[in-house]
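Here's work20.cif, which has mmCIF, C-alpha atoms:
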data_data
loop_
_atom_site.label_atom_id
_atom_site.label_comp_id
_atom_site.auth_asym_id
_atom_site.auth_seq_id
_atom_site.Cartn_x
_atom_site.Cartn_y
_atom_site.Cartn_z
CA MET L 1 -52.39 113.66 -103.75
CA GLY L 2 -49.21 112.07 -102.43
CA ALA L 3 -47.01 114.48 -104.43
CA SER L 4 -48.77 117.49 -102.99
CA LEU L 5 -48.30 116.10 -99.50
CA ARG L 6 -44.59 115.82 -100.17
CA ASP L 7 -44.52 119.36 -101.62
CA ILE L 8 -46.07 120.79 -98.51
CA LYS L 9 -43.66 118.84 -96.30
CA ALA L 10 -40.71 120.25 -98.29
CA ARG L 11 -41.99 123.78 -97.96
CA ILE L 12 -42.41 123.37 -94.22
CA ASN L 13 -38.82 122.16 -93.98
CA THR L 14 -37.31 125.01 -96.00
CA THR L 15 -39.31 127.57 -94.06
CA LYS L 16 -38.06 126.03 -90.84
CA LYS L 17 -34.48 126.31 -92.02
CA THR L 18 -34.94 129.92 -93.09
CA SER L 19 -36.45 130.75 -89.74
CA GLN L 20 -33.48 129.20 -87.99
CA ILE L 21 -31.18 131.50 -89.96
CA THR L 22 -33.24 134.62 -89.33
CA LYS L 23 -33.46 133.72 -85.67
CA ALA L 24 -29.66 133.42 -85.50
CA MET L 25 -29.22 136.73 -87.32
CA GLU L 26 -31.62 138.34 -84.89
CA MET L 27 -29.54 137.18 -81.98
CA VAL L 28 -26.28 138.26 -83.59
CA SER L 29 -27.71 141.72 -84.22
CA ALA L 30 -28.96 141.93 -80.66
CA SER L 31 -25.48 141.35 -79.31
CA LYS L 32 -23.98 143.79 -81.83
CA LEU L 33 -26.54 146.36 -80.78
CA ASN L 34 -25.45 145.84 -77.21
CA ARG L 35 -21.85 146.55 -78.09
CA ALA L 36 -22.79 149.51 -80.28
CA GLU L 37 -24.65 151.05 -77.37
CA HIS L 38 -21.61 150.47 -75.22
CA ASN L 39 -19.39 152.22 -77.79
CA ALA L 40 -21.75 155.16 -77.90
CA ARG L 41 -21.56 155.35 -74.12
CA SER L 42 -17.75 155.42 -74.06
CA PHE L 43 -17.82 158.20 -76.63
CA THR L 44 -20.12 160.41 -74.54
CA PRO L 45 -17.51 161.75 -72.07
CA TYR L 46 -15.28 162.87 -74.93
CA MET L 47 -18.16 164.52 -76.77
CA GLU L 48 -19.47 166.32 -73.71
CA LYS L 49 -16.05 167.60 -72.78
CA ILE L 50 -15.14 168.84 -76.23
CA GLN L 51 -18.53 170.48 -76.58
CA GLU L 52 -18.05 172.26 -73.30
CA VAL L 53 -14.59 173.50 -74.19
CA VAL L 54 -15.59 174.57 -77.69
CA ALA L 55 -18.54 176.51 -76.29
CA SER L 56 -16.34 178.14 -73.66
CA VAL L 57 -13.64 179.08 -76.11
CA ALA L 58 -15.86 180.19 -78.97
CA LEU L 59 -18.46 182.03 -76.93
CA GLY L 60 -16.14 183.19 -74.16
CA SER L 61 -15.21 186.33 -75.99
CA ASN L 62 -17.10 187.98 -78.76
CA ASP L 63 -14.20 188.82 -80.97
CA ALA L 64 -13.40 185.17 -81.58
CA SER L 65 -14.00 184.30 -85.17
CA HIS L 66 -13.01 181.38 -87.30
CA PRO L 67 -14.12 180.43 -90.82
CA MET L 68 -15.86 177.36 -89.42
CA LEU L 69 -18.08 179.49 -87.21
CA VAL L 70 -19.15 181.95 -89.88
CA LYS L 71 -22.03 181.52 -92.30
CA ARG L 72 -21.08 182.31 -95.84
CA PRO L 73 -23.06 182.56 -99.07
CA VAL L 74 -23.86 179.04 -100.19
CA LYS L 75 -22.71 178.07 -103.65
CA LYS L 76 -22.40 174.39 -102.98
CA THR L 77 -23.79 172.13 -100.26
CA GLY L 78 -22.27 168.95 -98.92
CA TYR L 79 -24.35 166.02 -97.75
CA LEU L 80 -22.83 163.32 -95.59
CA VAL L 81 -25.03 160.25 -95.80
CA ILE L 82 -24.59 157.27 -93.50
CA THR L 83 -25.98 153.93 -94.66
CA SER L 84 -25.00 150.33 -94.02
CA ASP L 85 -22.86 148.07 -96.19
CA ARG L 86 -25.31 145.20 -96.18
CA GLY L 87 -29.06 144.92 -96.55
CA LEU L 88 -31.51 142.79 -94.58
CA ALA L 89 -32.11 145.67 -92.24
CA GLY L 90 -35.70 146.51 -93.10
CA ALA L 91 -36.27 150.09 -94.20
CA TYR L 92 -33.05 151.28 -92.57
CA ASN L 93 -31.29 152.36 -95.75
CA SER L 94 -34.28 153.24 -97.89
CA ASN L 95 -35.60 155.67 -95.28
CA VAL L 96 -32.39 157.69 -95.23
CA LEU L 97 -31.85 157.56 -98.97
CA ARG L 98 -35.41 158.60 -99.76
CA THR L 99 -35.12 161.59 -97.42
CA VAL L 100 -31.79 162.67 -98.90
CA PHE L 101 -33.04 162.24 -102.44
CA GLN L 102 -36.16 164.31 -101.80
CA THR L 103 -34.20 167.00 -100.00
CA ILE L 104 -31.78 167.32 -102.89
CA GLN L 105 -34.61 167.49 -105.43
CA GLU L 106 -36.27 170.24 -103.45
CA ARG L 107 -33.21 172.33 -102.75
CA HIS L 108 -31.10 172.09 -105.86
CA ARG L 109 -31.58 172.67 -109.55
CA SER L 110 -28.34 171.21 -110.89
CA ALA L 111 -25.72 168.71 -109.84
CA GLU L 112 -23.24 171.59 -109.59
CA GLU L 113 -24.86 172.77 -106.40
CA TYR L 114 -24.16 169.80 -104.17
CA ALA L 115 -21.78 166.99 -103.40
CA ILE L 116 -22.35 163.72 -101.57
CA ILE L 117 -20.11 162.06 -99.06
CA ALA L 118 -21.25 158.47 -98.73
CA ILE L 119 -20.51 156.26 -95.76
CA GLY L 120 -21.68 152.71 -96.51
CA ARG L 121 -21.99 150.69 -99.69
CA VAL L 122 -25.77 150.83 -100.06
CA GLY L 123 -25.70 154.63 -100.19
CA LEU L 124 -22.75 154.70 -102.55
CA ASN L 125 -24.47 152.38 -105.03
CA PHE L 126 -27.72 154.33 -104.77
CA PHE L 127 -26.07 157.61 -105.76
CA LYS L 128 -23.91 156.06 -108.46
CA ARG L 129 -26.95 154.50 -110.11
CA ARG L 130 -28.63 157.90 -110.24
CA ASN L 131 -25.53 159.68 -111.52
CA ILE L 132 -25.37 161.84 -108.43
CA PRO L 133 -21.80 163.02 -107.82
CA VAL L 134 -20.13 161.32 -104.86
CA ALA L 135 -17.14 163.35 -103.70
CA LEU L 136 -15.89 160.95 -101.05
CA HIS L 137 -16.93 157.55 -99.89
CA ILE L 138 -15.95 154.83 -97.49
CA THR L 139 -17.25 151.28 -97.38
CA GLY L 140 -16.42 148.17 -95.41
CA LEU L 141 -16.44 149.82 -91.99
CA PRO L 142 -16.48 147.26 -89.17
CA ASP L 143 -19.60 146.73 -87.10
CA GLN L 144 -17.93 148.38 -84.15
CA PRO L 145 -15.98 151.21 -85.79
CA THR L 146 -13.23 153.01 -83.90
CA PHE L 147 -12.36 156.62 -84.46
CA ALA L 148 -9.27 155.62 -86.44
CA ASP L 149 -11.52 153.91 -89.01
CA ILE L 150 -13.18 157.12 -90.11
CA LYS L 151 -10.52 159.64 -89.15
CA GLU L 152 -9.38 160.05 -92.74
CA ILE L 153 -12.79 160.61 -94.31
CA ALA L 154 -13.87 162.87 -91.44
CA ASN L 155 -10.69 164.85 -91.84
CA LYS L 156 -11.10 165.18 -95.61
CA THR L 157 -14.74 166.18 -95.22
CA VAL L 158 -13.91 168.94 -92.78
CA ASN L 159 -11.09 170.11 -95.04
CA MET L 160 -13.47 170.31 -97.99
CA PHE L 161 -15.46 172.83 -96.03
CA ALA L 162 -12.32 174.68 -94.99
CA ASP L 163 -10.99 174.96 -98.55
CA GLY L 164 -14.35 176.11 -99.90
CA THR L 165 -15.33 173.01 -101.89
CA PHE L 166 -18.69 173.43 -100.24
CA ASP L 167 -20.09 176.14 -98.01
CA GLU L 168 -22.31 174.13 -95.72
CA LEU L 169 -22.50 170.53 -94.69
CA TYR L 170 -25.44 168.42 -93.59
CA MET L 171 -25.45 164.91 -92.16
CA PHE L 172 -28.22 162.40 -92.80
CA TYR L 173 -28.42 159.26 -90.70
CA ASN L 174 -30.74 157.11 -88.62
CA HIS L 175 -30.83 158.34 -85.07
CA PHE L 176 -31.17 155.56 -82.52
CA VAL L 177 -34.21 156.14 -80.31
CA SER L 178 -34.84 152.61 -79.09
CA ALA L 179 -34.50 149.05 -80.31
CA ILE L 180 -37.75 149.42 -82.23
CA GLN L 181 -37.51 153.05 -83.28
CA GLN L 182 -34.92 154.80 -85.42
CA ASP L 183 -35.58 158.23 -86.88
CA VAL L 184 -34.01 159.70 -89.98
CA THR L 185 -32.21 162.81 -88.81
CA GLU L 186 -30.87 165.77 -90.69
CA LYS L 187 -28.19 167.65 -88.84
CA LYS L 188 -26.33 170.73 -89.91
CA LEU L 189 -22.68 170.12 -89.20
CA LEU L 190 -20.89 173.09 -90.71
CA PRO L 191 -20.66 175.98 -90.21
CA LEU L 192 -20.91 175.39 -86.49
CA THR L 193 -23.73 177.69 -85.52
CA ASP L 194 -25.44 176.31 -82.44
CA LEU L 195 -22.70 175.96 -79.90
CA ALA L 196 -24.78 176.82 -76.88
CA SER L 197 -23.94 174.71 -73.88
CA ASP L 198 -26.10 174.34 -70.81
CA LYS L 199 -23.00 173.93 -68.67
CA LYS L 200 -21.44 176.94 -67.05
CA LEU L 201 -18.85 178.52 -69.32
CA THR L 202 -15.32 178.80 -68.04
CA THR L 203 -12.95 181.61 -68.86
CA TYR L 204 -9.60 180.29 -69.92
CA GLU L 205 -6.11 181.50 -70.50
CA PHE L 206 -5.09 180.68 -74.02
CA GLU L 207 -1.74 179.26 -74.89
CA PRO L 208 -0.65 180.55 -77.39
CA SER L 209 -3.78 182.42 -78.57
CA GLN L 210 -7.49 181.97 -78.98
CA GLU L 211 -7.31 181.91 -82.78
CA GLU L 212 -4.70 179.18 -82.82
CA ILE L 213 -6.67 177.11 -80.36
CA LEU L 214 -9.82 177.37 -82.45
CA GLU L 215 -7.70 176.30 -85.40
CA VAL L 216 -7.05 172.97 -83.65
CA LEU L 217 -10.23 172.66 -81.66
CA LEU L 218 -12.92 173.23 -84.28
CA PRO L 219 -11.80 170.66 -86.85
CA GLN L 220 -11.37 168.13 -84.06
CA TYR L 221 -14.86 168.98 -82.82
CA ALA L 222 -16.42 168.66 -86.27
CA GLU L 223 -14.69 165.32 -86.83
CA SER L 224 -15.97 164.00 -83.54
CA LEU L 225 -19.50 165.06 -84.48
CA ILE L 226 -19.17 162.90 -87.58
CA TYR L 227 -17.92 160.00 -85.49
CA GLY L 228 -20.78 160.50 -83.05
CA ALA L 229 -23.28 160.32 -85.92
CA LEU L 230 -21.64 157.14 -87.19
CA LEU L 231 -21.88 155.45 -83.79
CA ASP L 232 -25.52 156.49 -83.57
CA ALA L 233 -26.17 155.17 -87.08
CA LYS L 234 -24.44 151.86 -86.32
CA ALA L 235 -26.58 151.31 -83.26
CA SER L 236 -29.64 152.04 -85.40
CA GLU L 237 -28.44 149.64 -88.07
CA HIS L 238 -28.10 146.75 -85.64
CA ALA L 239 -31.45 147.58 -84.08
CA ALA L 240 -33.14 147.78 -87.49
CA ARG L 241 -31.63 144.47 -88.56
CA MET L 242 -32.67 142.87 -85.31
CA THR L 243 -36.26 144.02 -85.75
CA ALA L 244 -36.32 142.99 -89.42
CA MET L 245 -35.04 139.52 -88.55
CA LYS L 246 -37.49 139.20 -85.70
CA ASN L 247 -40.35 139.98 -88.09
CA ALA L 248 -38.98 137.47 -90.57
CA THR L 249 -38.83 134.81 -87.88
CA ASP L 250 -42.39 135.59 -86.78
CA ASN L 251 -43.62 135.45 -90.37
CA ALA L 252 -41.88 132.12 -90.88
CA LYS L 253 -43.58 130.74 -87.78
CA GLU L 254 -46.96 131.88 -89.05
CA LEU L 255 -46.24 130.35 -92.46
CA ILE L 256 -45.22 127.05 -90.87
CA ARG L 257 -48.46 127.06 -88.90
CA THR L 258 -50.67 127.49 -91.98
CA LEU L 259 -48.59 125.01 -93.96
CA THR L 260 -48.88 122.41 -91.20
CA LEU L 261 -52.62 122.96 -91.18
CA SER L 262 -52.96 122.37 -94.92
CA TYR L 263 -50.58 119.41 -94.65
CA ASN L 264 -52.85 117.78 -92.07
CA ARG L 265 -55.93 118.57 -94.14
CA ALA L 266 -54.35 117.03 -97.24
CA ARG L 267 -53.32 113.96 -95.28
CA GLN L 268 -56.84 113.59 -93.87
CA ALA L 269 -58.33 113.96 -97.34
CA ALA L 270 -56.02 111.26 -98.67
CA ILE L 271 -57.04 108.86 -95.90
CA THR L 272 -60.74 109.55 -96.43
CA GLN L 273 -60.32 108.98 -100.14
CA GLU L 274 -58.59 105.64 -99.53
CA ILE L 275 -61.33 104.45 -97.17
CA THR L 276 -63.99 105.47 -99.70
CA GLU L 277 -62.16 103.52 -102.38
CA ILE L 278 -61.81 100.41 -100.21
CA VAL L 279 -65.45 100.53 -99.19
CA ALA L 280 -66.50 101.05 -102.81
CA GLY L 281 -64.30 98.11 -103.85
CA ALA L 282 -65.75 95.83 -101.12
CA ASN L 283 -69.30 96.80 -102.14
CA ALA L 284 -68.56 95.95 -105.74
CA LEU L 285 -67.54 92.40 -104.74
CA GLN L 286 -70.83 91.68 -102.99
CA MET O 1 1.92 166.46 -51.89
CA LYS O 2 -1.12 168.09 -53.41
CA THR O 3 -2.56 166.22 -56.36
CA ILE O 4 -4.69 167.03 -59.35
CA LYS O 5 -7.15 164.80 -61.20
CA VAL O 6 -6.09 163.97 -64.73
CA SER O 7 -8.10 162.27 -67.41
CA VAL O 8 -7.08 161.45 -70.95
CA VAL O 9 -10.16 160.99 -73.09
CA THR O 10 -10.45 159.79 -76.69
CA PRO O 11 -13.48 159.20 -78.92
CA ASP O 12 -13.09 155.47 -78.20
CA GLY O 13 -13.35 156.01 -74.46
CA PRO O 14 -11.27 157.18 -71.50
CA VAL O 15 -7.64 156.03 -71.58
CA TYR O 16 -6.24 157.27 -68.31
CA GLU O 17 -7.71 158.56 -65.11
CA ALA O 18 -5.77 159.22 -61.90
CA ASP O 19 -4.67 161.76 -59.31
CA VAL O 20 -1.16 162.96 -60.02
CA GLU O 21 1.26 165.54 -58.69
CA MET O 22 2.31 167.02 -61.98
CA VAL O 23 1.36 166.82 -65.64
CA SER O 24 3.79 167.77 -68.34
CA ALA O 25 3.08 167.77 -72.02
CA LYS O 26 4.43 169.16 -75.23
CA ALA O 27 2.17 171.99 -76.28
CA GLN O 28 2.44 173.70 -79.65
CA SER O 29 4.00 176.67 -77.93
CA GLY O 30 6.54 174.56 -76.04
CA GLU O 31 6.92 172.23 -73.10
CA LEU O 32 4.24 172.77 -70.52
CA GLY O 33 4.04 171.68 -66.88
CA VAL O 34 0.86 171.83 -64.83
CA LEU O 35 0.75 171.63 -61.05
CA PRO O 36 -2.35 171.58 -58.83
CA GLY O 37 -3.98 174.99 -58.58
CA HIS O 38 -3.11 176.11 -62.09
CA ILE O 39 -5.36 178.79 -63.60
CA PRO O 40 -7.88 177.58 -66.20
CA MET O 41 -6.16 177.23 -69.53
CA VAL O 42 -6.54 175.62 -72.93
CA ALA O 43 -3.55 174.66 -75.09
CA PRO O 44 -3.25 172.57 -78.24
CA LEU O 45 -0.77 169.70 -78.01
CA GLU O 46 1.86 168.37 -80.35
CA ILE O 47 2.17 164.69 -81.18
CA GLY O 48 4.17 163.60 -78.16
CA ALA O 49 4.21 162.10 -74.71
CA VAL O 50 2.28 163.29 -71.69
CA ARG O 51 4.18 162.64 -68.48
CA LEU O 52 2.24 162.10 -65.30
CA LYS O 53 4.25 162.29 -62.11
CA LYS O 54 2.96 160.33 -59.17
CA GLY O 55 5.32 159.94 -56.19
CA ASN O 56 8.57 158.63 -57.58
CA ALA O 57 6.99 157.07 -60.63
CA THR O 58 6.32 158.77 -63.92
CA GLU O 59 3.75 157.34 -66.27
CA LEU O 60 3.73 158.03 -69.97
CA VAL O 61 0.81 158.40 -72.32
CA ALA O 62 1.34 158.84 -76.05
CA VAL O 63 -1.05 161.37 -77.60
CA SER O 64 -1.53 162.24 -81.24
CA GLY O 65 -2.24 165.93 -80.92
CA GLY O 66 -5.47 167.13 -79.40
CA PHE O 67 -5.51 169.65 -76.60
CA LEU O 68 -5.18 170.10 -72.90
CA GLU O 69 -7.76 171.77 -70.71
CA VAL O 70 -6.80 172.89 -67.23
CA ARG O 71 -9.22 173.71 -64.45
CA PRO O 72 -8.30 174.40 -60.84
CA ASP O 73 -9.21 170.89 -59.74
CA ARG O 74 -8.66 168.83 -62.89
CA VAL O 75 -6.81 168.47 -66.14
CA THR O 76 -8.46 166.94 -69.18
CA ILE O 77 -6.58 165.91 -72.28
CA LEU O 78 -8.77 165.41 -75.34
CA ALA O 79 -6.98 163.60 -78.13
CA GLN O 80 -8.19 161.69 -81.17
CA ALA O 81 -5.88 158.85 -80.20
CA ALA O 82 -3.94 158.14 -77.01
CA GLU O 83 -2.36 155.07 -75.46
CA ARG O 84 -0.62 154.37 -72.20
CA ALA O 85 2.96 153.22 -72.63
CA GLU O 86 2.12 149.65 -71.60
CA ASP O 87 -0.81 149.42 -74.02
CA ILE O 88 1.13 150.35 -77.13
CA ASP O 89 1.30 147.70 -79.81
CA VAL O 90 4.98 147.99 -80.71
CA ALA O 91 4.80 145.69 -83.73
CA ARG O 92 1.94 147.70 -85.16
CA ALA O 93 3.71 151.01 -84.54
CA LYS O 94 6.83 149.65 -86.28
CA ALA O 95 4.77 148.55 -89.26
CA ALA O 96 3.13 151.97 -89.39
CA LYS O 97 6.54 153.62 -89.26
CA GLU O 98 7.85 151.57 -92.18
CA ARG O 99 4.69 152.19 -94.18
CA ALA O 100 4.96 155.93 -93.61
CA GLU O 101 8.64 155.92 -94.58
CA ARG O 102 7.88 154.10 -97.81
CA ARG O 103 5.17 156.62 -98.62
CA LEU O 104 7.54 159.48 -97.99
CA GLN O 105 10.03 157.97 -100.42
CA ALA O 106 7.47 157.74 -103.18
CA LYS O 107 6.78 160.96 -105.02
CA GLN O 108 3.37 162.24 -104.08
CA ASP O 109 1.32 165.38 -104.01
CA GLU O 110 1.60 167.71 -101.10
CA ILE O 111 -1.40 166.52 -99.07
CA ASP O 112 -0.39 162.86 -99.14
CA HIS O 113 3.14 163.82 -98.24
CA LYS O 114 1.94 165.78 -95.24
CA ARG O 115 -0.32 162.92 -94.19
CA ALA O 116 2.53 160.42 -94.38
CA GLU O 117 4.75 162.74 -92.42
CA LEU O 118 2.18 162.99 -89.64
CA ALA O 119 1.71 159.22 -89.64
CA LEU O 120 5.45 158.81 -89.31
CA ARG O 121 5.60 161.21 -86.40
CA ARG O 122 2.77 159.39 -84.64
CA ALA O 123 4.48 156.03 -85.13
CA ILE O 124 7.84 157.30 -83.88
CA ASN O 125 6.11 158.88 -80.90
CA ARG O 126 4.44 155.59 -80.00
CA LEU O 127 7.72 153.72 -80.25
CA ASN O 128 9.49 156.30 -78.11
CA VAL O 129 6.81 156.18 -75.46
CA ALA O 130 6.76 152.38 -75.46
CA ASN O 131 10.54 152.33 -74.99
CA ARG O 132 10.35 155.20 -72.50
CA HIS O 133 12.77 157.35 -74.49
CA PHE O 134 11.79 160.55 -72.78
#

Any chance you could give the structure as C-alpha cells?
Amino acid sequence: MGASLRDIKARINTTKKTSQITKAMEMVSASKLNRAEHNARSFTPYMEKIQEVVASVALGSNDASHPMLVKRPVKKTGYLVITSDRGLAGAYNSNVLRTVFQTIQERHRSAEEYAIIAIGRVGLNFFKRRNIPVALHITGLPDQPTFADIKEIANKTVNMFADGTFDELYMFYNHFVSAIQQDVTEKKLLPLTDLASDKKLTTYEFEPSQEEILEVLLPQYAESLIYGALLDAKASEHAARMTAMKNATDNAKELIRTLTLSYNRARQAAITQEITEIVAGANALQ
Amino acid sequence: MKTIKVSVVTPDGPVYEADVEMVSAKAQSGELGVLPGHIPMVAPLEIGAVRLKKGNATELVAVSGGFLEVRPDRVTILAQAAERAEDIDVARAKAAKERAERRLQAKQDEIDHKRAELALRRAINRLNVANRHF
C-alpha cells in the first residue's frame, strides 16, 4: 500500500513538472504569435502597393503580355509546401501534409508530373520518406523570418516557372484566421491569373517600356506572394503551438486532479486498514 | 518650395517616409529625377542610392533594385531591401563584399556567378551609401 502511495505521489510530481513546461511553451508561443502578427502587419503596405501597381500595369493595356501572366499547357506542376521545423504544434503540419498528399494522388499518375518545394523540416522529411521528389527545400528558418531569409528560395522557385521546369505553381500552407483557427489553404501562385484590384487603376508612363517593367515587377510580385504566405504560415504555427500547449496544460491539470483524488483515497484506505489492524490486535489481547 | 510625399517600402516594413522637394534615383534607363507634379510613371530601379532632397540636406537610401512608382502627389519606392544611410551595418556589408569577391574568384556555373556578382554590387552600394560616396 505504501509503495503505491509513493508511486502516485511521483506521478503527480512529474505531471506537475510537465505542465510547467507546457505552460511556459504556451506563453512563449503567445508572444511569438504577437510578433508574427506584427510582422504580417508591416508587410501589408508593401503587398497592397505592389498588388495595385501590378494590376495597373498588367491590366492597364490589353496588349501587355508576359510569360508569367499566360496559362500554358501543363506538363509538370510545382507545389510549394510550408510546414514548421519542429513539432509540438498539434495538427498544424499533418493537416497541410495530408491535404498535399491527397491532392497529388488525385491529380497525378506519376512522379514525373510534379515537383515539391518544401519549406520546413517536417515537410521535407515527410516527402523524403515517401520518395516524393523534392526540387528545392529550406529548413531552419527563424521564428520571425525576414524577406532576406527566403529571398533565394523564392527567387529560384519563380525562376523554375520562368525556365519551364514546371508550368504552374501552387502553394499549400495554414492560413491564420484566429488564435484558435487555422485553415489549410491552397493558392495558385503562377501563372498570375487573378490580378483584379478593387482600387482604381492608374494609367502610367512607362520608363523604359511596359514589357521591361513587367519583367522586373512580376517576379518581385510572385516572390512577395511567397513571403506573404510564409508570414501567414508562421503566425498559424505559433497559434497552433500555443493552442496545443494550452490543451496539454489543461490535460495535465485534469490528470493531477484525478491523481490527487486517488492519492487521497489510497491514503485513507491505508489509515482505515491500520486502525482495523490495531483494533483487531487489541481485541485479540482481551 | 513645393514638396512631394515619398515612401520607401520593403517586405519587412516601411523604411522611409517624408515630404521632400526632389527624389532622384538610378533607373534602369538612366538617372531619374522626380519633382512634385510629375506625371504618373513606373520605372524599374538599379541597385543604387535614392537621393531625397529636403531643404539643404540630402538623405540617402540604399535600394537593391525594385521599382519606383510616381503619382501626382506621392512617390513610392518598392524594393526587396532598402536601408537609410545611417541604418546600414557597415561591418556586415564589408563581410558580404568579401564573401562575394571570394565566390567570384572560385570557378562556378553561370547562375552562381551572376548571383555573386549581384551580391557584390549590393554590398558595394551599401558601403557607398554609408560613406556618402555619391

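Remark: for Thr3 (chain O), the closest of the candidate residues O:Ala106, O:Val15, O:Val23, O:Val90 is O:Val23 (distances computed over only C-alpha atoms).
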
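Computed from the coordinates, the CA of Glu83 (chain O) to CA of Gln210 (chain L) distance equals 27.6 Å.
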
Per-residue nearest contacts chain O to chain L, cut-off 12 Å, using only C-alpha atoms, as CSV:
residue,atom,partner,partner_atom,distance
O:Ser7,CA,L:Tyr46,CA,10.4
O:Val8,CA,L:Tyr46,CA,9.2
O:Val9,CA,L:Tyr46,CA,5.8
O:Thr10,CA,L:Tyr46,CA,6.0
O:Pro11,CA,L:Phe43,CA,5.0
O:Asp12,CA,L:Phe43,CA,5.7
O:Gly13,CA,L:Ser42,CA,4.5
O:Pro14,CA,L:Ser42,CA,7.2
O:Val15,CA,L:Ser42,CA,10.4
O:Lys26,CA,L:Glu207,CA,11.8
O:Ala27,CA,L:Glu207,CA,8.4
O:Gln28,CA,L:Pro208,CA,7.8
O:Ser29,CA,L:Pro208,CA,6.1
O:Gly30,CA,L:Pro208,CA,9.5
O:Glu31,CA,L:Glu207,CA,11.3
O:Leu32,CA,L:Glu207,CA,9.8
O:His38,CA,L:Glu205,CA,10.4
O:Ile39,CA,L:Glu205,CA,7.5
O:Pro40,CA,L:Tyr204,CA,4.9
O:Met41,CA,L:Glu205,CA,4.4
O:Val42,CA,L:Phe206,CA,5.4
O:Ala43,CA,L:Glu207,CA,4.9
O:Pro44,CA,L:Ile213,CA,6.1
O:Leu45,CA,L:Val216,CA,9.1
O:Glu46,CA,L:Val216,CA,10.6
O:Ser64,CA,L:Ala148,CA,11.4
O:Gly65,CA,L:Val216,CA,9.0
O:Gly66,CA,L:Val216,CA,7.4
O:Phe67,CA,L:Leu217,CA,7.5
O:Leu68,CA,L:Glu207,CA,10.0
O:Glu69,CA,L:Val53,CA,7.9
O:Val70,CA,L:Tyr204,CA,8.4
O:Arg71,CA,L:Tyr204,CA,8.6
O:Pro72,CA,L:Tyr204,CA,10.9
O:Val75,CA,L:Lys49,CA,11.4
O:Thr76,CA,L:Lys49,CA,8.4
O:Ile77,CA,L:Tyr46,CA,9.6
O:Leu78,CA,L:Tyr46,CA,7.0
O:Ala79,CA,L:Gln220,CA,8.7
O:Gln80,CA,L:Phe147,CA,7.3
O:Ala81,CA,L:Ala148,CA,7.8
O:Ala82,CA,L:Ala148,CA,11.1
O:Ile111,CA,L:Lys156,CA,10.4
O:Asp112,CA,L:Glu152,CA,11.4
O:Arg115,CA,L:Glu152,CA,9.6
O:Ala119,CA,L:Glu152,CA,11.5

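Counting only C-alpha atoms, the residue from L:Thr139, L:Asn131, L:Thr276, L:Gln181 that sits nearest to Met242 (chain L) is L:Gln181.
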
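With all atoms listed in the file taken into account, the protein and nucleic acid residues at most 7 Å from region 14-20 of chain L (excluding it and anything under 5 positions from it in its own chain) are L:Thr249, L:Ala252, L:Ile256.
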
(message) List the spatial neighbours of Ala18 (chain O) as a PyMOL selection string - criterion: any atom at most 9 Å away, all atoms listed in the file, same-chain residues fewer than 6 positions off excluded.
(response) chain O and resi 4-7

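What separates CA of Ala115 (chain L) from CA of Val74 (chain L) is a distance of 12.6 Å.
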